[in-house]
Amino acid sequence: MKQTPKRLVIGAFTLCLLYIFSCHSNPNLEVKSDIVWIKNDYASLFSLGCSESDSFLILYSGGKAKTILGQFFWGTSPQISGYTKILTHKRIVSISAIHTAMIAELGKMHELAGIESKAYISHPLIYNEAILHPLIEVAPNGSILPETVFLCKPDLFIGYFINGSDVALIDRIGKDKFPVLWCQNHLEPHPLGRAEWIRALSWILGKPIQGEQLFKHVKLDYERIREKARHVKFRPKVASNLPYNGHWFVPQQDAYQKQIVYDAGADLLVAPSRGTGTNTLGIEQAIRLFSNADIWINTDLCSSRDCLLAMDKRISSIKAFNNNRLYHYNKKLNPNGSNPYWDLGCIYPNLILQDLFMIFQDTSFDVEKSHYYLPCSK
């Protein structure tokens, strides 16, 4: 197998030197003593570092019991104790539309061999027959099919997990064959923490400077809008999501949705439990929580009041419904049902923040200026 190109190592090390003022050694990790670790701006579930000869990536699980999911390196050293070497990335299997979009943003879409499902792909650089057609679907119905992963002959597997059922399976079939990277960016509590993962992927794919520049642009624009929102005089209460079969998935206390709504100048009504995901509330409990909401966002595929009312007639008691302050995120929905709100919106949360600030604080909603959001029709 080919060694990682020397220019990748030199580029990564040069980047470390540029950031040396913000780097630190992590005393909790028993690793090579000459590694310089780069301090992330917002992300907490990965660490990047470098030595004179190699670059390093450590991946972590989320939650209170934060544990190491994997330790990787690439460069000139043949082996490093405790680390798996990434030799090449010419054939990548990615089971997250978000990671796949990040790969495309870095100009590496031609290195994709397998994806979760073609139905989830919305990135304009992949959403065409020439690139999308030859890709192998490794989890078209949700569960990973190990035989299709083998068909891809991957050099690198990039994925995420919710309940861990696929972890042991993929780790087992990938052992001694290809590195398996579990990237839990969906558990980051801040939108910029989720977006910052493009830095990790850019290092792996030999595009560190491009990844750093992209994230810097996003961060500065996000922080500019957030600063405007800090001076608002009124912070509306916001409901989110939809009921399904008598239940409502409501963001938890530490979810990134709560943070981005707050940064846009409003307060998201959330479930009482701590965590970065969602809680399932009974519809009666959810309606009580949302009854005084001034605005209702993220109504999924429902783009009209009639559609919302068809879900459950009891939602007519919610203040935002009666005031017709209802917004969906389907402005750029593709014919196959894929929605760039989810993947490109993760990479560019500044654009979502801009939409939300307009919804929460402007007296009128300018459809021409919005990126993803539109008002629900009457």
# chains A, B, ... in the order shown; residues from 1 in each chain; ligands from 1
$ select_by_dssp --residues "stretch 31-136 of chain A" --states "strand (DSSP E or B)" --output "MDAnalysis selection string"
chainID A and resid 36:38 46:50 54:60 68:75 84:85 92:94 112:115 136
$ write_last_selection --atoms "N, CA and C atoms" --output "short mmCIF file (atom, residue, chain, number, x, y, z; two decimals), in the first residue's frame"
data_model
loop_
_atom_site.label_atom_id
_atom_site.label_comp_id
_atom_site.auth_asym_id
_atom_site.auth_seq_id
_atom_site.Cartn_x
_atom_site.Cartn_y
_atom_site.Cartn_z
N VAL A 36 2.19 17.75 19.51
CA VAL A 36 1.61 19.05 19.86
C VAL A 36 0.12 18.98 19.53
N TRP A 37 -0.74 19.18 20.54
CA TRP A 37 -2.19 19.07 20.35
C TRP A 37 -2.79 20.44 20.12
N ILE A 38 -3.63 20.53 19.12
CA ILE A 38 -4.26 21.80 18.74
C ILE A 38 -5.58 21.96 19.50
N PHE A 46 -13.19 15.47 19.18
CA PHE A 46 -12.00 15.03 18.46
C PHE A 46 -10.83 15.90 18.87
N SER A 47 -9.62 15.34 18.73
CA SER A 47 -8.38 16.08 18.97
C SER A 47 -7.45 15.88 17.78
N LEU A 48 -6.84 16.97 17.34
CA LEU A 48 -5.85 16.93 16.27
C LEU A 48 -4.49 17.32 16.83
N GLY A 49 -3.46 16.66 16.35
CA GLY A 49 -2.12 16.99 16.79
C GLY A 49 -1.09 16.59 15.76
N CYS A 50 0.16 16.98 15.99
CA CYS A 50 1.22 16.59 15.07
C CYS A 50 2.55 16.57 15.78
N ASP A 54 4.61 13.09 11.97
CA ASP A 54 3.28 12.52 11.79
C ASP A 54 2.18 13.47 12.24
N SER A 55 0.97 13.17 11.79
CA SER A 55 -0.24 13.85 12.24
C SER A 55 -1.12 12.86 12.99
N PHE A 56 -1.94 13.36 13.94
CA PHE A 56 -2.68 12.49 14.83
C PHE A 56 -4.14 12.94 14.96
N LEU A 57 -5.01 11.96 15.13
CA LEU A 57 -6.43 12.22 15.35
C LEU A 57 -6.94 11.27 16.42
N ILE A 58 -7.60 11.81 17.43
CA ILE A 58 -8.25 11.01 18.46
C ILE A 58 -9.73 11.32 18.43
N LEU A 59 -10.56 10.29 18.43
CA LEU A 59 -12.01 10.43 18.38
C LEU A 59 -12.61 9.99 19.71
N TYR A 60 -13.63 10.73 20.17
CA TYR A 60 -14.25 10.47 21.46
C TYR A 60 -15.75 10.21 21.31
N ILE A 68 -12.44 7.21 24.60
CA ILE A 68 -11.77 7.23 23.30
C ILE A 68 -12.35 6.14 22.41
N LEU A 69 -12.79 6.54 21.22
CA LEU A 69 -13.33 5.60 20.24
C LEU A 69 -12.26 5.10 19.28
N GLY A 70 -11.19 5.85 19.12
CA GLY A 70 -10.13 5.45 18.20
C GLY A 70 -9.02 6.46 18.17
N GLN A 71 -7.80 5.98 17.92
CA GLN A 71 -6.62 6.83 17.82
C GLN A 71 -5.91 6.50 16.50
N PHE A 72 -5.62 7.52 15.71
CA PHE A 72 -5.11 7.32 14.36
C PHE A 72 -3.94 8.26 14.08
N PHE A 73 -3.09 7.84 13.14
CA PHE A 73 -2.01 8.71 12.71
C PHE A 73 -1.70 8.45 11.24
N TRP A 74 -1.02 9.39 10.61
CA TRP A 74 -0.52 9.21 9.25
C TRP A 74 0.75 10.05 9.13
N GLY A 75 1.68 9.55 8.37
CA GLY A 75 2.96 10.23 8.23
C GLY A 75 4.06 9.25 7.91
N THR A 84 -3.69 3.54 15.11
CA THR A 84 -3.88 2.87 13.83
C THR A 84 -3.43 3.81 12.71
N LYS A 85 -2.62 3.30 11.78
CA LYS A 85 -2.12 4.15 10.72
C LYS A 85 -3.11 4.22 9.55
N ILE A 92 -13.26 5.62 -0.03
CA ILE A 92 -13.88 5.93 1.27
C ILE A 92 -15.31 5.44 1.31
N VAL A 93 -15.69 4.81 2.42
CA VAL A 93 -17.09 4.52 2.71
C VAL A 93 -17.54 5.51 3.78
N SER A 94 -18.59 6.27 3.49
CA SER A 94 -19.13 7.25 4.44
C SER A 94 -20.61 6.95 4.66
N LEU A 112 -15.01 8.77 -2.92
CA LEU A 112 -16.09 8.02 -2.30
C LEU A 112 -16.35 6.73 -3.09
N ALA A 113 -16.44 5.62 -2.35
CA ALA A 113 -16.77 4.33 -2.96
C ALA A 113 -18.14 3.85 -2.50
N GLY A 114 -18.51 4.20 -1.26
CA GLY A 114 -19.79 3.77 -0.70
C GLY A 114 -20.38 4.82 0.20
N ILE A 115 -21.71 4.88 0.23
CA ILE A 115 -22.43 5.83 1.08
C ILE A 115 -23.59 5.09 1.75
N ILE A 136 -21.88 2.71 -4.08
CA ILE A 136 -22.57 1.56 -3.49
C ILE A 136 -23.27 1.98 -2.21
#
$ residues_around --residues "stretch 308-311 of chain A" --least-positions-apart "5" --cutoff "10 Å" --atoms "only C-alpha atoms" --output "list in words"
Leu242, Pro243, Tyr244, Asn245, Gly246, Thr299, Asp300, Leu301, Cys302, Ser303, Ser316, Phe321, Leu326 and Cys376 of chain A
$ write_last_selection --atoms "N, CA and C atoms" --output "PDB file, in the first residue's frame"
ATOM      1  N   LEU A 242     -42.411  18.106  15.078  1.00  0.00           N
ATOM      2  CA  LEU A 242     -43.796  17.704  14.823  1.00  0.00           C
ATOM      3  C   LEU A 242     -44.190  16.496  15.670  1.00  0.00           C
ATOM      4  N   PRO A 243     -45.474  16.338  15.919  1.00  0.00           N
ATOM      5  CA  PRO A 243     -45.926  15.099  16.572  1.00  0.00           C
ATOM      6  C   PRO A 243     -46.051  13.961  15.557  1.00  0.00           C
ATOM      7  N   TYR A 244     -45.747  12.739  16.006  1.00  0.00           N
ATOM      8  CA  TYR A 244     -45.922  11.531  15.186  1.00  0.00           C
ATOM      9  C   TYR A 244     -46.541  10.441  16.053  1.00  0.00           C
ATOM     10  N   ASN A 245     -47.694   9.965  15.617  1.00  0.00           N
ATOM     11  CA  ASN A 245     -48.358   8.855  16.321  1.00  0.00           C
ATOM     12  C   ASN A 245     -48.487   9.109  17.825  1.00  0.00           C
ATOM     13  N   GLY A 246     -48.892  10.313  18.166  1.00  0.00           N
ATOM     14  CA  GLY A 246     -49.140  10.625  19.573  1.00  0.00           C
ATOM     15  C   GLY A 246     -47.917  11.002  20.375  1.00  0.00           C
ATOM     16  N   THR A 299     -40.969  22.380  11.001  1.00  0.00           N
ATOM     17  CA  THR A 299     -42.182  21.559  10.882  1.00  0.00           C
ATOM     18  C   THR A 299     -42.013  20.420   9.881  1.00  0.00           C
ATOM     19  N   ASP A 300     -40.778  20.043   9.643  1.00  0.00           N
ATOM     20  CA  ASP A 300     -40.425  18.889   8.805  1.00  0.00           C
ATOM     21  C   ASP A 300     -41.022  19.059   7.400  1.00  0.00           C
ATOM     22  N   LEU A 301     -41.684  18.024   6.886  1.00  0.00           N
ATOM     23  CA  LEU A 301     -42.221  18.111   5.533  1.00  0.00           C
ATOM     24  C   LEU A 301     -43.558  18.845   5.476  1.00  0.00           C
ATOM     25  N   CYS A 302     -44.112  19.193   6.616  1.00  0.00           N
ATOM     26  CA  CYS A 302     -45.357  19.963   6.628  1.00  0.00           C
ATOM     27  C   CYS A 302     -45.055  21.417   6.274  1.00  0.00           C
ATOM     28  N   SER A 303     -45.620  21.867   5.179  1.00  0.00           N
ATOM     29  CA  SER A 303     -45.384  23.240   4.743  1.00  0.00           C
ATOM     30  C   SER A 303     -46.660  24.075   4.750  1.00  0.00           C
ATOM     31  N   SER A 316     -53.962  23.056  17.462  1.00  0.00           N
ATOM     32  CA  SER A 316     -54.587  24.353  17.181  1.00  0.00           C
ATOM     33  C   SER A 316     -54.600  25.262  18.406  1.00  0.00           C
ATOM     34  N   PHE A 321     -49.441  28.667  16.264  1.00  0.00           N
ATOM     35  CA  PHE A 321     -50.325  28.178  15.205  1.00  0.00           C
ATOM     36  C   PHE A 321     -51.420  29.195  14.927  1.00  0.00           C
ATOM     37  N   LEU A 326     -45.367  30.133  11.640  1.00  0.00           N
ATOM     38  CA  LEU A 326     -44.960  28.753  11.406  1.00  0.00           C
ATOM     39  C   LEU A 326     -43.960  28.714  10.254  1.00  0.00           C
ATOM     40  N   CYS A 376     -44.895  28.637   6.542  1.00  0.00           N
ATOM     41  CA  CYS A 376     -45.924  27.656   6.165  1.00  0.00           C
ATOM     42  C   CYS A 376     -47.100  28.394   5.544  1.00  0.00           C
TER      43      CYS A 376
END
$ atom_distance --atom1 "atom CA of A:Asn336" --atom2 "atom CA of A:Tyr127"
10.0 Å
$ select_by_dssp --residues "stretch 143-258 of chain A" --states "helix (DSSP H, G or I)" --output "ChimeraX atom specification"
/A:146-152,167-174,185-187,191-195,197-204,208-229,256-258
$ closest_residue --among "A:Ser377, A:Asn185, A:Ser122, A:Gln79" --to "A:Asn324" --atoms "only C-alpha atoms"
A:Ser377
$ atom_distance --atom1 "atom CA of A:Phe157" --atom2 "atom CA of A:Thr67"
19.8 Å
$ residues_around --residues "stretch 355-362 of chain A" --least-positions-apart "4" --cutoff "10 Å" --atoms "only C-alpha atoms" --output "MDAnalysis selection string"
chainID A and resid 225:226 228:229 232:238 260:267 294:295 297 325:327 329 349:351 366:367 369:375
$ write_last_selection --atoms "C-alpha atoms" --output "compact mmCIF listing (two decimals), in the first residue's frame"
# COMPACT_ATOMS: atom_id res chain seq x y z
CA ILE A 225 -24.77 37.35 13.56
CA ARG A 226 -24.73 36.10 17.16
CA LYS A 228 -26.27 41.24 16.62
CA ALA A 229 -28.71 38.93 18.38
CA VAL A 232 -32.36 42.21 20.87
CA LYS A 233 -35.08 43.68 23.07
CA PHE A 234 -37.48 40.73 22.87
CA ARG A 235 -36.65 37.02 22.86
CA PRO A 236 -39.61 35.01 21.52
CA LYS A 237 -40.40 31.51 22.80
CA VAL A 238 -39.95 28.88 20.11
CA ILE A 260 -28.56 28.03 17.63
CA VAL A 261 -32.02 29.36 18.51
CA TYR A 262 -30.53 31.19 21.49
CA ASP A 263 -27.72 32.60 19.34
CA ALA A 264 -30.38 33.86 16.91
CA GLY A 265 -32.12 35.85 19.65
CA ALA A 266 -34.86 33.51 20.93
CA ASP A 267 -35.44 30.76 23.49
CA ASP A 294 -44.57 32.73 19.86
CA ILE A 295 -42.99 30.96 16.87
CA ILE A 297 -40.03 26.18 13.46
CA ARG A 325 -45.89 32.13 12.90
CA LEU A 326 -44.96 28.75 11.41
CA TYR A 327 -41.80 27.97 9.42
CA TYR A 329 -36.91 24.34 6.20
CA PRO A 349 -24.68 26.86 10.45
CA ASN A 350 -24.13 30.58 9.88
CA LEU A 351 -26.68 30.41 7.04
CA ASP A 366 -37.87 38.14 3.09
CA VAL A 367 -38.19 34.93 1.06
CA LYS A 369 -32.92 36.42 1.40
CA SER A 370 -33.63 33.12 3.18
CA HIS A 371 -31.41 30.10 2.63
CA TYR A 372 -33.54 27.21 3.91
CA TYR A 373 -36.64 28.51 5.71
CA LEU A 374 -40.04 29.49 4.36
CA PRO A 375 -43.30 30.40 6.10
$ closest_residue --among "A:Leu156, A:Ile144, A:Ala195, A:Ile103" --to "A:Gly174" --atoms "only C-alpha atoms"
A:Leu156
